[in-house]
Amino acid sequence: MRAADFAAKLEQPALALTDHGVTYGLIDHYRLARERGVKPIMGCELYLVDTLDKESPRRHLTVLVQNQAGYRNLMRLVTRSYEQMYYKPRVTYDDLEAHQGGLVVLSGCPSGHIGKAIESGDLDLAERYFVRLSSVFGDRFYGEVQHHESARAICRQIVELASKHGVRLVATNDAHYVEKQDRQTHDVVLKLKAGDKGEEDPTYGEGFHIVTRSEMRDLMRSAHQWMSGVTLESCLDQTVEIADMVDFEFEKPESILPPLWEDVTTQMFQRCQNGMVDRSLRGKTAYEDRLAEELRVVLKLGYSEYFLLCADVTTWARQNNVLVGPRGSVCGSLMAYVLGITHVDPLVHGTMFERFLHEEKKSHPDIDLDVDSRHQSRVLEYVMSRFAPHAFPIATFGRWGPGGVTNDLTTAYGLSPDRQKAIRRAMTELHDEQRVFVASEADLTQFGAFRATEEDIPGFCRVASRLYSQVRYVGRHPGGVVFCPAPHESWFAVAKAKGESLCAANYVDVEHVGLLKMDFLGLDAVASVAKTIEAVEARHGEKVDPGSIPLGDAETLRRFTMGETDGVFQFETRGARDILREIEPESFLEVAAATALNRPGVSANLEAYVAGKRAR
């Protein structure tokens with residue numbers, strides 16, 4: 001976000017993101033840049049190898065997306081790089097050539113094959129790499145020149161190769177952080193990454209921030225005094241020309257799921273009618289009318305496959321003795337009830353279908369399936385197998401929170417235990433009470449612990465504010481799955497984290513591009529219910545069906561009224577028990593009202609609710 005904000009502030013027309021070997025940030029970059037009127041350029045600094053031999057060195061190559069075809073090819077390359085992973089993802093030149101359409105390629109930084117060959121003095125090898133890329137990509141290949149100290153040794157040879165082979169030059173800035181003052185934060189990250197065995201104070205040096213054209217001109221002049229003014233201005237102009245040639249927007253999926261069932265409309269009608277018979281609702285006018293209206297909306301919006309998918313998973317779970325319990329607004333759907341997705345009759349409980357789904361709703365319907373935590377992995381394995389190759393686990397981005405920031409800054413700066421505790425308390429207060437997730441220096445300097453530390457370590461508050469809430473690691477979402485109606489490379493690459501293949505995007509990203517996300521969450525509360533059912537059967541020989549438990553049992557309601565709800569999900573807190581004692585529920589509907597009133601912003605209505613009940 002800060003990079004897009006800064007580019008907009010500088011009135012830059014475009015901003016490129018090229019992370020090393022990964023594309024986790026591209027959808028977020030696309031969204032944030034476009035929201036600020038900056039053209040997002042999507043790319044990656046691929047790890048390129050000559051062969052897949054373990055000894056073949058990995059080298060950097062800058063690859064940019066020109067159009068839809070290029071984006072799909074980049075996603076294919078990154079996916080393949082993880083399939084061929086050896087410590088880090090990697091692709092070969094043959095892979096690159098096989099997926100070159102729609103991509104713009106630069107000759108690379110000093111860590112590329114061309115740069116390394118020049119550094120070693122093997123100019124013939126450097127030229128062979130240069131010519132190979134030029135012959136494959138034609139006018140989509142550019143010689144890359146930079147101002148950084150590490151790039152100065154190769155720049156003259158890159159210019160000569162470009163002149164010899166008729167290749168245009170482009171000036172690039174290897175920005176690893178946003179503003180010049182963020183160098184200190186970057187140095188801290190480098191130190192943490194290096195650990196005890198690395199340099200004492202590692203740094204990239206100056207100039208690795210986002211710069212203006214004027215700054216870039218001055219930096220290039222200082223680094224390459226031999227370069228003519230005409231050549232320099234041409235290199236700067238090419239950045240704009242590359243931005244102008246980029247024409248990319250994410251494809252909106254035509255449907256949220258592929259055709260998983262034949263004649264899906266007929267199947268929907270048939271299964272719903274069968275469910276009406278099973279629930280003894282056939283011929284009841286109110287139910288027939290409600291179902292007809294829900295079917296009309298679902299068919300119009302194209303969500304038939306979605307309901308069948310949810311019914312498929314819940315049916316499999318119950319057939320395999322896995323307790324599953326959908327929650328939320330889906331309980332307002334009669335269709336979900338007759339398909340066996342829920343056990344809640346919406347006409348009995350007065351729940352509204354429109355709260356779950358209506359014709360004007362822009363986002364996808366959201367059915368979260370809570371499952372017995374002991375068997376969550378089985379459910380996920382079934383989903384991945386049953387709906388392959390259209391289902392993928394979603395990535396999650398772990399971020400620096402109060403503990404992580406405090407511990408890492410203690411490591412970097414050697415803070416005393418007392419100061420570490422004071423900083424941790426301040427950051428926890430900021431996080432928990434004010435709910436600030438993107439902190440500024442001003443947010444931190446209101447605390448004495450930060451002001452005191454800033455006096456001893458100038459820039460400390462800025463470093464802490466820059467680290468806080470930033471991505472620290474990538475993992476697998478505990479229950480999130482994304483479904484693709486078409487090959488995944490139209491939207492994301494498939495990466496690996498801790499050996500697991502997953503969609504290289506998080507839940508916000510996949511929703512932004514219009515893909516369907518579902519949560520199959522393992523809950524201990526559901527496991528507790530399942531264990532209770534198992535215990536009853538073991539002791540009494542009776543199999544309890546949770547869906548058939550009477551909701552008006554007098555003894556149960558009496559215990560709710562007394563607040564005897566230890567261990568009862570959503571009713572075991574002191575606040576929830578106090579509400580129950582106030583309401584004194586006499587029916588299941590009043591129990592439902594009690595849990596609804598135990599919500600921020602709604603609890604203020606408790607007094608009015610109780611007064612209304614007493615007046616009645």
# chains A, B, ... in the order shown; residues from 1 in each chain; ligands from 1
$ residues_around --residues "Met268 (chain A)" --least-positions-apart "5" --cutoff "9 Å" --atoms "only C-alpha atoms" --output "short mmCIF file (atom, residue, chain, number, x, y, z; two decimals) with N, CA and C atoms, in the first residue's frame"
data_model
loop_
_atom_site.label_atom_id
_atom_site.label_comp_id
_atom_site.auth_asym_id
_atom_site.auth_seq_id
_atom_site.Cartn_x
_atom_site.Cartn_y
_atom_site.Cartn_z
N ASP A 263 -26.30 -31.48 -16.79
CA ASP A 263 -27.68 -31.03 -16.68
C ASP A 263 -27.98 -30.55 -15.26
N GLN A 273 -36.65 -31.42 -4.80
CA GLN A 273 -37.93 -32.10 -4.62
C GLN A 273 -37.77 -33.34 -3.75
N LEU A 295 -35.12 -21.01 -5.83
CA LEU A 295 -34.60 -21.63 -7.05
C LEU A 295 -34.48 -20.62 -8.18
N SER A 304 -26.07 -22.75 -9.07
CA SER A 304 -26.54 -24.12 -8.88
C SER A 304 -25.40 -25.05 -8.49
N GLU A 305 -24.27 -24.96 -9.22
CA GLU A 305 -23.13 -25.82 -8.92
C GLU A 305 -22.63 -25.60 -7.50
N PHE A 307 -24.38 -24.76 -4.77
CA PHE A 307 -25.21 -25.47 -3.81
C PHE A 307 -24.98 -26.97 -3.90
N LEU A 308 -24.81 -27.49 -5.11
CA LEU A 308 -24.57 -28.93 -5.26
C LEU A 308 -23.22 -29.31 -4.66
#
$ select_by_dssp --residues "region 152-256 of chain A" --states "alpha helix (DSSP H)" --output "number ranges by chain"
A: 152-165, 183-194, 213-223, 229-245
$ residues_around --residues "Asn73 (chain A)" --least-positions-apart "3" --cutoff "9 Å" --atoms "only C-alpha atoms" --output "compact mmCIF listing (two decimals) with C-alpha atoms, in the first residue's frame"
# COMPACT_ATOMS: atom_id res chain seq x y z
CA VAL A 65 3.64 -8.91 -18.10
CA GLN A 68 -3.37 -11.43 -20.67
CA ALA A 69 -1.30 -14.03 -22.50
CA GLY A 70 1.80 -12.80 -20.73
CA ARG A 76 2.76 -21.06 -15.72
CA LEU A 77 6.46 -20.29 -15.32
CA VAL A 78 6.20 -19.60 -11.60
CA LEU A 96 11.08 -19.47 -20.68
CA ALA A 98 8.11 -22.27 -24.29
CA HIS A 99 6.09 -19.61 -22.43
CA GLN A 100 7.43 -16.38 -23.93
CA GLY A 101 4.22 -14.98 -25.40
CA GLY A 102 3.07 -11.67 -23.96
CA LEU A 103 6.13 -11.22 -21.78
CA GLU A 489 -3.00 -19.50 -14.43
CA SER A 490 -5.58 -16.93 -15.53
$ residues_around --residues "Val167 (chain A)" --least-positions-apart "6" --cutoff "12 Å" --atoms "only C-alpha atoms" --output "list in words"
Val105, Leu106, Ser107, Phe130, Val131, Leu133, Ser134, Ser135, Phe137, Gly138, Asp139, Arg140, Phe141, Tyr142, Gly143, Glu144, Ile158, Val159, Glu160, Leu161, Cys235 and Gln238 of chain A
$ write_last_selection --atoms "N, CA and C atoms" --output "PDB file, in the first residue's frame"
ATOM      1  N   VAL A 105      11.005  -8.951 -21.380  1.00  0.00           N
ATOM      2  CA  VAL A 105      12.148  -9.437 -20.612  1.00  0.00           C
ATOM      3  C   VAL A 105      13.276  -8.414 -20.661  1.00  0.00           C
ATOM      4  N   LEU A 106      13.864  -8.153 -19.497  1.00  0.00           N
ATOM      5  CA  LEU A 106      15.038  -7.285 -19.400  1.00  0.00           C
ATOM      6  C   LEU A 106      16.269  -8.157 -19.169  1.00  0.00           C
ATOM      7  N   SER A 107      17.430  -7.629 -19.451  1.00  0.00           N
ATOM      8  CA  SER A 107      18.649  -8.445 -19.405  1.00  0.00           C
ATOM      9  C   SER A 107      19.056  -8.825 -17.987  1.00  0.00           C
ATOM     10  N   PHE A 130      22.806 -12.913 -24.142  1.00  0.00           N
ATOM     11  CA  PHE A 130      22.141 -11.706 -24.639  1.00  0.00           C
ATOM     12  C   PHE A 130      21.448 -11.986 -25.973  1.00  0.00           C
ATOM     13  N   VAL A 131      22.160 -12.632 -26.867  1.00  0.00           N
ATOM     14  CA  VAL A 131      21.616 -12.926 -28.194  1.00  0.00           C
ATOM     15  C   VAL A 131      20.474 -13.931 -28.101  1.00  0.00           C
ATOM     16  N   LEU A 133      18.286 -14.355 -25.668  1.00  0.00           N
ATOM     17  CA  LEU A 133      17.083 -13.660 -25.206  1.00  0.00           C
ATOM     18  C   LEU A 133      16.547 -12.733 -26.293  1.00  0.00           C
ATOM     19  N   SER A 134      17.440 -12.068 -26.995  1.00  0.00           N
ATOM     20  CA  SER A 134      17.025 -11.149 -28.052  1.00  0.00           C
ATOM     21  C   SER A 134      16.338 -11.894 -29.192  1.00  0.00           C
ATOM     22  N   SER A 135      16.838 -13.072 -29.517  1.00  0.00           N
ATOM     23  CA  SER A 135      16.259 -13.823 -30.634  1.00  0.00           C
ATOM     24  C   SER A 135      14.882 -14.369 -30.275  1.00  0.00           C
ATOM     25  N   PHE A 137      12.702 -12.991 -27.792  1.00  0.00           N
ATOM     26  CA  PHE A 137      11.736 -11.962 -27.425  1.00  0.00           C
ATOM     27  C   PHE A 137      11.708 -10.770 -28.377  1.00  0.00           C
ATOM     28  N   GLY A 138      12.685 -10.661 -29.268  1.00  0.00           N
ATOM     29  CA  GLY A 138      12.671  -9.588 -30.262  1.00  0.00           C
ATOM     30  C   GLY A 138      12.586  -8.217 -29.623  1.00  0.00           C
ATOM     31  N   ASP A 139      11.609  -7.400 -30.065  1.00  0.00           N
ATOM     32  CA  ASP A 139      11.509  -6.041 -29.541  1.00  0.00           C
ATOM     33  C   ASP A 139      10.885  -5.997 -28.141  1.00  0.00           C
ATOM     34  N   ARG A 140      10.633  -7.177 -27.558  1.00  0.00           N
ATOM     35  CA  ARG A 140      10.187  -7.239 -26.160  1.00  0.00           C
ATOM     36  C   ARG A 140      11.356  -7.550 -25.219  1.00  0.00           C
ATOM     37  N   PHE A 141      12.570  -7.450 -25.733  1.00  0.00           N
ATOM     38  CA  PHE A 141      13.774  -7.642 -24.920  1.00  0.00           C
ATOM     39  C   PHE A 141      14.529  -6.322 -24.830  1.00  0.00           C
ATOM     40  N   TYR A 142      14.950  -5.979 -23.623  1.00  0.00           N
ATOM     41  CA  TYR A 142      15.645  -4.715 -23.375  1.00  0.00           C
ATOM     42  C   TYR A 142      16.922  -4.967 -22.577  1.00  0.00           C
ATOM     43  N   GLY A 143      17.942  -4.192 -22.901  1.00  0.00           N
ATOM     44  CA  GLY A 143      19.135  -4.171 -22.065  1.00  0.00           C
ATOM     45  C   GLY A 143      18.852  -3.343 -20.821  1.00  0.00           C
ATOM     46  N   GLU A 144      19.162  -3.881 -19.659  1.00  0.00           N
ATOM     47  CA  GLU A 144      18.812  -3.242 -18.393  1.00  0.00           C
ATOM     48  C   GLU A 144      20.044  -2.577 -17.785  1.00  0.00           C
ATOM     49  N   ILE A 158      26.781  -3.849 -21.190  1.00  0.00           N
ATOM     50  CA  ILE A 158      25.374  -3.990 -21.571  1.00  0.00           C
ATOM     51  C   ILE A 158      25.034  -2.988 -22.674  1.00  0.00           C
ATOM     52  N   VAL A 159      25.515  -1.776 -22.532  1.00  0.00           N
ATOM     53  CA  VAL A 159      25.259  -0.746 -23.542  1.00  0.00           C
ATOM     54  C   VAL A 159      25.887  -1.153 -24.875  1.00  0.00           C
ATOM     55  N   GLU A 160      27.086  -1.684 -24.831  1.00  0.00           N
ATOM     56  CA  GLU A 160      27.770  -2.090 -26.065  1.00  0.00           C
ATOM     57  C   GLU A 160      27.044  -3.258 -26.730  1.00  0.00           C
ATOM     58  N   LEU A 161      26.591  -4.230 -25.927  1.00  0.00           N
ATOM     59  CA  LEU A 161      25.852  -5.364 -26.488  1.00  0.00           C
ATOM     60  C   LEU A 161      24.544  -4.903 -27.119  1.00  0.00           C
ATOM     61  N   CYS A 235      17.187   5.916 -22.205  1.00  0.00           N
ATOM     62  CA  CYS A 235      16.970   4.859 -21.212  1.00  0.00           C
ATOM     63  C   CYS A 235      15.808   5.214 -20.283  1.00  0.00           C
ATOM     64  N   GLN A 238      12.406   4.904 -22.088  1.00  0.00           N
ATOM     65  CA  GLN A 238      11.933   3.535 -22.310  1.00  0.00           C
ATOM     66  C   GLN A 238      11.076   3.029 -21.152  1.00  0.00           C
TER      67      GLN A 238
END
$ residues_around --residues "region 578-589 of chain A" --least-positions-apart "3" --cutoff "8 Å" --atoms "only C-alpha atoms" --output "list of chain:residue names"
A:His349, A:Leu551, A:Gly552, A:Leu557, A:Phe560, A:Thr561, A:Met562, A:Gly563, A:Arg574, A:Gly575, A:Ala592, A:Ala593, A:Ala594, A:Leu597, A:Asn598, A:Leu606, A:Tyr609, A:Val610
$ select_by_dssp --residues "region 112-185 of chain A" --states "strand (DSSP E or B)" --output "ChimeraX atom specification"
/A:141-145,169-171
$ closest_residue --among "A:Gln376, A:Ala495, A:Arg614, A:Asp509" --to "Ala527 (chain A)" --atoms "only C-alpha atoms"
A:Gln376
$ closest_residue --among "A:Val379, A:Ala535, A:Val230, A:Val63" --to "Phe520 (chain A)" --atoms "only C-alpha atoms"
A:Val379
$ residues_around --residues "Glu360 (chain A)" --least-positions-apart "4" --cutoff "12 Å" --atoms "only C-alpha atoms" --output "short mmCIF file (atom, residue, chain, number, x, y, z; two decimals) with N, CA and C atoms, in the first residue's frame"
data_model
loop_
_atom_site.label_atom_id
_atom_site.label_comp_id
_atom_site.auth_asym_id
_atom_site.auth_seq_id
_atom_site.Cartn_x
_atom_site.Cartn_y
_atom_site.Cartn_z
N VAL A 297 -33.93 -17.39 -7.97
CA VAL A 297 -32.79 -16.50 -7.72
C VAL A 297 -31.47 -17.24 -7.96
N VAL A 298 -31.37 -18.45 -7.44
CA VAL A 298 -30.12 -19.21 -7.58
C VAL A 298 -29.82 -19.52 -9.04
N LYS A 300 -30.91 -17.85 -11.67
CA LYS A 300 -30.61 -16.60 -12.37
C LYS A 300 -29.17 -16.15 -12.14
N LEU A 301 -28.68 -16.32 -10.90
CA LEU A 301 -27.33 -15.87 -10.56
C LEU A 301 -26.27 -16.91 -10.90
N GLU A 354 -33.03 -13.55 1.87
CA GLU A 354 -32.43 -12.36 1.27
C GLU A 354 -31.17 -11.91 2.00
N ARG A 355 -31.05 -12.25 3.28
CA ARG A 355 -29.83 -11.90 4.00
C ARG A 355 -28.65 -12.73 3.50
N PHE A 356 -28.94 -13.90 2.98
CA PHE A 356 -27.91 -14.78 2.43
C PHE A 356 -27.65 -14.50 0.96
N HIS A 364 -20.13 -13.28 -3.92
CA HIS A 364 -20.62 -14.65 -3.96
C HIS A 364 -21.30 -15.00 -2.64
N PRO A 365 -22.23 -15.95 -2.66
CA PRO A 365 -22.78 -16.45 -1.40
C PRO A 365 -21.66 -17.09 -0.58
#
$ residues_around --residues "Gly479 (chain A)" --least-positions-apart "3" --cutoff "8 Å" --atoms "only C-alpha atoms" --output "PyMOL selection string"
chain A and resi 380+393+519-522
$ atom_distance --atom1 "CA of Leu444 (chain A)" --atom2 "CA of Ala464 (chain A)"
8.3 Å
$ atom_distance --atom1 "CA of Lys180 (chain A)" --atom2 "CA of Thr396 (chain A)"
29.5 Å
$ atom_distance --atom1 "CA of Pro485 (chain A)" --atom2 "CA of Val510 (chain A)"
12.6 Å
$ closest_residue --among "A:Ser528, A:Thr231, A:Asn506, A:Thr212" --to "Lys9 (chain A)" --atoms "only C-alpha atoms"
A:Thr212
$ closest_residue --among "A:Ala452, A:Asp443, A:Gln267, A:Tyr473" --to "Gly398 (chain A)" --atoms "only C-alpha atoms"
A:Tyr473
$ closest_residue --among "A:Cys461, A:Asn321, A:Asp95, A:Tyr507" --to "Val482 (chain A)" --atoms "only C-alpha atoms"
A:Tyr507
